[in-house]
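Peer 1: This is the structure I have questions about; it appears just below.
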2 protein chains.
Amino acid sequence: MASSTVENYLKATLLHEQKADGIVPMGALVEALGVVPGTVTSMVKAMAAQGLLEHEARQGVRLTPIGRALAVGVLRKHRLVETFLVRTLKMDWSEVHDEAEALEHAVSDRVLERISELLGHPTTDPHGDPIPDAEGNFAATKTQDSLDLCALDQPLRVTRILDQTQEFLAYVQETGLKPGAKIRVLRREPASGVLHCELAGGTEVALGLHIAGKIIVGAA
Amino acid sequence: MASSTVENYLKATLLHEQKADGIVPMGALVEALGVVPGTVTSMVKAMAAQGLLEHEARQGVRLTPIGRALAVGVLRKHRLVETFLVRTLKMDWSEVHDEAEALEHAVSDRVLERISELLGHPTTDPHGDPIPDAEGNFAATKTQDSLDLCALDQPLRVTRILDQTQEFLAYVQETGLKPGAKIRVLRREPASGVLHCELAGGTEVALGLHIAGKIIVGAA
DNA sequence: ACCTTGTTTTTGATTACTCAAAATACAAGT
DNA sequence: ACTTGTATTTTGAGTAATCAAAAACAAGGT
């Protein structure tokens, strides 16, 4: 059995591989796990010895098939638990991330499948992140763009929030830019770096282009 | 924050104090936690230094008020989680004990109160064990007897199963003597040590008197 | 080629929990 | 009081995960 710590290293590696493919530098794990570099080196060595990671000296790591399968399982637990906390326990979608962080290591496969069933086997979590199925496959994702690249004046729907920090989720919550919201991009001002968009109710929101990149939208 | 290990020591101590009051011998913890005696001695020392237990040398331990409060909290989590697994996730009541054992250390107070609310603040778990409220108080328990001491020929209802081992729960499940079942004790045979009782459907069950002591009943 | 800067690795310690096995204390029985 | 058996404590050691601080390395820029 993989310890909670090992599961966290696996999950962090998978998330990094998904967003920037190629080898995952040690520093990325230092950042994601909040430990000092030396700790990552020794953990990574141990995990490589267990066949969970390949460690290229002074380069970084990449998941082995076994490591990847475990990591996907952890991600599935995390995202199903988040969905459960919001839908069944009526918790606020911006506060469930940390709770799920703890629960993902304690939920057995048996319990997880009951939860998945209860929720009707959802394919995305409350932040719009895809939930892999029990075999580890991610559903084919529809064409989507980040808010700073999508077409202007089209009816769009927010599908995903890439930044899971407390502050950012609270901001998204407050402005109403959360997954499911219908919006339309009015204009971008490259000079000032500001983007203007219109919410369903007609209210207008201005936000920085670098912030807009963290919000993903699809056709409404 | 108390580690899972510390929580388990606290819970085991509380359970022993509840079933046999007075000081809890080290051996009881050895038994309950499945570790060697030396391990218990050193853990107990550390916990006593933290103010969670009082340790009487060569005698055993007893909970301090702080330790008791924490232990009651763990028990509340365990029993609410069990109830949740049975009622909401439709799991078999005889298999939830071990799942709850893992989850009780990962569920935050915030999540726990949502679960309690979802379930309508239940006061007993699927085995009939009382669930303390959020302040740590146990509901006043109605007069109850174990099956080997109760009156004959009275309509009774099973309210609680004291033995939580897999095999025993499976046996209870199979015979139908689970909490909620209506029964009537026909006769006891001290010589053979056998007790005969009748289930709701009219079926008759024979079981040893030492086994009957693990089943608690109340007025139907 | 050399020096600077940033990343990674090594080394030496620490904390929490555990075991094995030896030492000690206690209670009871003769 | 002495012996015996059981419960408890001590001692020494090991594993997993961590940190601090020093050392090694890689890559560029001059």
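Each chain in the structure tokens gets a letter, A, B and so on, in the order shown; residues start at 1 in every chain, and ligands are counted from 1 in the order they appear.
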Show me a table, sorted first by chain and then by increasing residue number, of the residues of chain D having an atom at most 8 Å from stretch 2-26 of chain C, each with its shortest atom pair and the distance in Å to one decimal, counting only C-alpha atoms (C1' of nucleotides) and written as JSON lines.

Peer 2:
```
{"residue": "D:DT8", "atom": "C1'", "partner": "C:DA25", "partner_atom": "C1'", "distance": 7.7}
{"residue": "D:DT9", "atom": "C1'", "partner": "C:DT24", "partner_atom": "C1'", "distance": 7.2}
{"residue": "D:DT10", "atom": "C1'", "partner": "C:DA23", "partner_atom": "C1'", "distance": 7.0}
{"residue": "D:DA23", "atom": "C1'", "partner": "C:DT10", "partner_atom": "C1'", "distance": 7.1}
{"residue": "D:DA24", "atom": "C1'", "partner": "C:DT9", "partner_atom": "C1'", "distance": 7.2}
{"residue": "D:DC25", "atom": "C1'", "partner": "C:DT8", "partner_atom": "C1'", "distance": 7.7}
```

Peer 1: Determine, using only C-alpha atoms (C1' of nucleotides), which residues of chain A have any atom at most 10 Å from an atom of chain C, and tabulate each with its shortest atom pair and distance in Å to one decimal place, rows ordered by chain and then rising number, as a tab-separated table.

Peer 2:
```
residue	atom	partner	partner_atom	distance
A:Pro25	CA	C:DT7	C1'	9.3
A:Met26	CA	C:DT8	C1'	7.6
A:Gly27	CA	C:DT7	C1'	7.6
A:Pro37	CA	C:DT8	C1'	7.4
A:Gly38	CA	C:DT9	C1'	7.1
A:Val40	CA	C:DT8	C1'	9.8
A:Thr41	CA	C:DT9	C1'	7.2
A:Ser42	CA	C:DT9	C1'	9.0
A:Ala57	CA	C:DT8	C1'	8.5
A:Arg58	CA	C:DT8	C1'	5.7
A:Gln59	CA	C:DT8	C1'	8.4
A:Gly60	CA	C:DT8	C1'	9.2
```

Peer 1: Which of stretch 52-155 of chain A counts as strand (DSSP E) under DSSP, as a PDB file with C-alpha atoms, in the first residue's frame please?

Peer 2:
```pdb
ATOM      1  CA  LEU A  53       8.864   6.727 -10.909  1.00  0.00           C
ATOM      2  CA  GLU A  54      11.858   6.932 -13.224  1.00  0.00           C
ATOM      3  CA  HIS A  55      14.458   9.299 -11.886  1.00  0.00           C
ATOM      4  CA  GLU A  56      16.867  10.952 -14.338  1.00  0.00           C
ATOM      5  CA  GLY A  60      13.670  15.177 -12.741  1.00  0.00           C
ATOM      6  CA  VAL A  61      11.138  12.344 -12.762  1.00  0.00           C
ATOM      7  CA  ARG A  62       8.479  10.769 -14.897  1.00  0.00           C
ATOM      8  CA  LEU A  63       5.763   8.300 -13.905  1.00  0.00           C
ATOM      9  CA  ASP A 145     -10.237  27.663 -24.759  1.00  0.00           C
ATOM     10  CA  SER A 146      -8.973  29.788 -21.948  1.00  0.00           C
TER      11      SER A 146
END
```

Peer 1: Which residues of chain B are close to chain A, meaning at most 8 Å apart when you count only C-alpha atoms, and how do they look as a list in words?

Peer 2: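 Taking only C-alpha atoms into account, Leu89, Lys90, Glu99, Ala102, Leu103, Ala106, Val107, Ser108, Val111, Arg114, Ile115 and Leu118 of chain B sit within 8 Å of chain A.
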
Peer 1: Compare B:Pro132, B:Asp153, B:Asp125, B:Ile215 by their minimum atom-to-atom distance to B:Phe168, counting only C-alpha atoms, and give me the closest one.

Peer 2: B:Ile215

Peer 1: State, in Å with one decimal place, the distance from atom CA of B:Phe138 to atom CA of B:Arg160.

Peer 2: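 Atom CA of B:Arg160 lies at a distance of 15.1 Å from atom CA of B:Phe138.
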
Peer 1: Give me the chain D side of the contact with chain A, cut-off 10 Å, one line per residue showing its nearest atom pair and distance in Å at one decimal, counting only C-alpha atoms (C1' of nucleotides), sorted by chain and residue number, as a tab-separated table.

Peer 2:
```
residue	atom	partner	partner_atom	distance
D:DA16	C1'	A:Met43	CA	9.5
D:DA17	C1'	A:Thr39	CA	8.0
D:DT18	C1'	A:Thr39	CA	6.7
D:DC19	C1'	A:Val36	CA	7.3
D:DA20	C1'	A:Val36	CA	9.4
D:DC25	C1'	A:Arg58	CA	8.1
D:DA26	C1'	A:Arg58	CA	8.8
```

Peer 1: Could the residues in this selection be written to a file with N, CA, C and O atoms (P, O5', C5', C4', C3', O3' and C1' of nucleotides), as an mmCIF file, in the first residue's frame?

Peer 2:
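The file below, selection.cif, is the result:
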```cif
data_model
loop_
_atom_site.group_PDB
_atom_site.id
_atom_site.type_symbol
_atom_site.label_atom_id
_atom_site.label_comp_id
_atom_site.auth_asym_id
_atom_site.auth_seq_id
_atom_site.Cartn_x
_atom_site.Cartn_y
_atom_site.Cartn_z
ATOM 1 P P DA D 16 10.574 2.065 4.996
ATOM 2 O "O5'" DA D 16 9.751 3.412 5.239
ATOM 3 C "C5'" DA D 16 8.559 3.385 6.003
ATOM 4 C "C4'" DA D 16 8.125 4.812 6.249
ATOM 5 C "C3'" DA D 16 8.319 5.748 5.058
ATOM 6 O "O3'" DA D 16 7.119 6.483 4.906
ATOM 7 C "C1'" DA D 16 9.443 6.622 6.958
ATOM 8 P P DA D 17 6.984 7.452 3.584
ATOM 9 O "O5'" DA D 17 7.432 8.878 4.144
ATOM 10 C "C5'" DA D 17 6.643 9.482 5.156
ATOM 11 C "C4'" DA D 17 7.371 10.667 5.731
ATOM 12 C "C3'" DA D 17 7.841 11.706 4.706
ATOM 13 O "O3'" DA D 17 7.143 12.909 4.948
ATOM 14 C "C1'" DA D 17 9.482 11.284 6.383
ATOM 15 P P DT D 18 7.185 14.109 3.928
ATOM 16 O "O5'" DT D 18 8.344 15.043 4.556
ATOM 17 C "C5'" DT D 18 8.040 15.815 5.697
ATOM 18 C "C4'" DT D 18 9.271 16.106 6.522
ATOM 19 C "C3'" DT D 18 10.264 17.077 5.922
ATOM 20 O "O3'" DT D 18 9.778 18.406 5.975
ATOM 21 C "C1'" DT D 18 11.289 15.400 7.297
ATOM 22 P P DC D 19 10.474 19.585 5.223
ATOM 23 O "O5'" DC D 19 11.678 19.987 6.207
ATOM 24 C "C5'" DC D 19 11.401 20.238 7.581
ATOM 25 C "C4'" DC D 19 12.699 20.587 8.290
ATOM 26 C "C3'" DC D 19 13.498 21.659 7.565
ATOM 27 O "O3'" DC D 19 13.914 22.666 8.467
ATOM 28 C "C1'" DC D 19 14.824 19.689 7.847
ATOM 29 P P DA D 20 14.453 24.071 7.885
ATOM 30 O "O5'" DA D 20 15.994 24.107 8.318
ATOM 31 C "C5'" DA D 20 16.452 23.368 9.456
ATOM 32 C "C4'" DA D 20 17.973 23.359 9.471
ATOM 33 C "C3'" DA D 20 18.628 24.505 8.703
ATOM 34 O "O3'" DA D 20 19.801 24.872 9.397
ATOM 35 C "C1'" DA D 20 19.247 22.425 7.724
ATOM 36 P P DC D 25 30.058 16.301 -9.017
ATOM 37 O "O5'" DC D 25 29.098 17.088 -10.007
ATOM 38 C "C5'" DC D 25 27.705 16.781 -9.965
ATOM 39 C "C4'" DC D 25 26.937 17.893 -10.647
ATOM 40 C "C3'" DC D 25 27.446 18.272 -12.040
ATOM 41 O "O3'" DC D 25 26.550 17.657 -12.949
ATOM 42 C "C1'" DC D 25 26.663 20.147 -10.751
ATOM 43 P P DA D 26 26.610 17.873 -14.518
ATOM 44 O "O5'" DA D 26 25.785 19.227 -14.693
ATOM 45 C "C5'" DA D 26 24.393 19.257 -14.363
ATOM 46 C "C4'" DA D 26 23.763 20.462 -15.035
ATOM 47 C "C3'" DA D 26 24.229 20.696 -16.466
ATOM 48 O "O3'" DA D 26 23.072 21.056 -17.207
ATOM 49 C "C1'" DA D 26 24.782 22.584 -15.101
#
```

Peer 1: Could you pull out the residues in stretch 77-204 of chain A that DSSP calls helix (DSSP H, G or I) from the backbone, as a PyMOL selection string?

Peer 2: chain A and resi 77-87+96-103+109-118+166-175

Peer 1: Name the residues in contact with B:Ala219 at a cut-off of 12 Å, using only C-alpha atoms (C1' of nucleotides), excluding same-chain residues fewer than 3 positions from it; report them as a list in words.

Peer 2: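 Close residues of B:Ala219: Lys142, Thr143, Gln144, Asp145, Ser146, Leu147, Cys150, Ala151, Leu152, Asp153, Gln154, Pro155, Leu156, Arg157, Val158, Thr159, Gly180, Ala181, Lys182, Ile183, Arg184 and Ile216 of chain B.
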
Peer 1: Using C-alpha atoms, can you export the residues from the last selection as a PDB file, in the first residue's frame?

Peer 2:
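Writing the result to selection34.pdb gives the following:
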```pdb
ATOM      1  CA  LYS B 142     -33.257   3.104  27.821  1.00  0.00           C
ATOM      2  CA  THR B 143     -33.262   0.064  30.073  1.00  0.00           C
ATOM      3  CA  GLN B 144     -31.727  -2.799  28.193  1.00  0.00           C
ATOM      4  CA  ASP B 145     -30.525  -6.301  28.942  1.00  0.00           C
ATOM      5  CA  SER B 146     -28.240  -8.729  27.273  1.00  0.00           C
ATOM      6  CA  LEU B 147     -30.008 -11.696  25.710  1.00  0.00           C
ATOM      7  CA  CYS B 150     -33.548 -10.766  29.909  1.00  0.00           C
ATOM      8  CA  ALA B 151     -37.069 -11.970  30.729  1.00  0.00           C
ATOM      9  CA  LEU B 152     -38.549 -15.005  28.958  1.00  0.00           C
ATOM     10  CA  ASP B 153     -41.559 -14.949  26.662  1.00  0.00           C
ATOM     11  CA  GLN B 154     -41.588 -11.161  26.315  1.00  0.00           C
ATOM     12  CA  PRO B 155     -41.729  -9.404  22.939  1.00  0.00           C
ATOM     13  CA  LEU B 156     -38.291  -7.847  22.560  1.00  0.00           C
ATOM     14  CA  ARG B 157     -36.297  -5.924  20.008  1.00  0.00           C
ATOM     15  CA  VAL B 158     -32.574  -6.286  19.340  1.00  0.00           C
ATOM     16  CA  THR B 159     -30.975  -2.907  20.010  1.00  0.00           C
ATOM     17  CA  GLY B 180     -34.256  -3.772  14.947  1.00  0.00           C
ATOM     18  CA  ALA B 181     -35.275  -7.447  14.763  1.00  0.00           C
ATOM     19  CA  LYS B 182     -38.245  -8.506  16.916  1.00  0.00           C
ATOM     20  CA  ILE B 183     -37.594 -11.615  18.980  1.00  0.00           C
ATOM     21  CA  ARG B 184     -38.827 -13.609  21.951  1.00  0.00           C
ATOM     22  CA  ILE B 216     -28.540  -6.474  23.750  1.00  0.00           C
TER      23      ILE B 216
END
```

Peer 1: Figure out the distance between atom CA of B:Pro190 and atom CA of B:Thr203, please, to one decimal in Å.

Peer 2: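 Separation of atom CA of B:Thr203 and atom CA of B:Pro190: 21.9 Å.
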
Peer 1: Record the distance separating atom CA of B:His78 and atom CA of B:His121, expressed in Å with one decimal.

Peer 2: 14.1 Å

Peer 1: Do a neighbour search on A:Gln50 at 10 Å with only C-alpha atoms (C1' of nucleotides), toss out local chain neighbours closer than 4 positions, and write the hits as a list in words.

Peer 2: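 Neighbouring residues, sequence-local ones excluded: Val44, Lys45, Ala46, Glu54, Ile66 and Gly67 of chain A.
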
Peer 1: Using only C-alpha atoms (C1' of nucleotides), which residues sit within 7 Å of stretch 12-16 of chain B once same-chain residues fewer than 6 positions away are excluded, as a VMD selection string?

Peer 2: chain B and resid 24 29 32 68 71

Peer 1: Keeping only C-alpha atoms, write the selected residues as a PDB file, in the first residue's frame.

Peer 2:
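Generated file (out-v6.pdb):
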```pdb
ATOM      1  CA  VAL B  24      -7.236   0.538  31.885  1.00  0.00           C
ATOM      2  CA  LEU B  29      -4.314  -1.551  24.820  1.00  0.00           C
ATOM      3  CA  ALA B  32      -6.956  -3.591  21.167  1.00  0.00           C
ATOM      4  CA  ARG B  68     -11.670  12.021  27.019  1.00  0.00           C
ATOM      5  CA  ALA B  71     -11.682  10.271  22.386  1.00  0.00           C
TER       6      ALA B  71
END
```
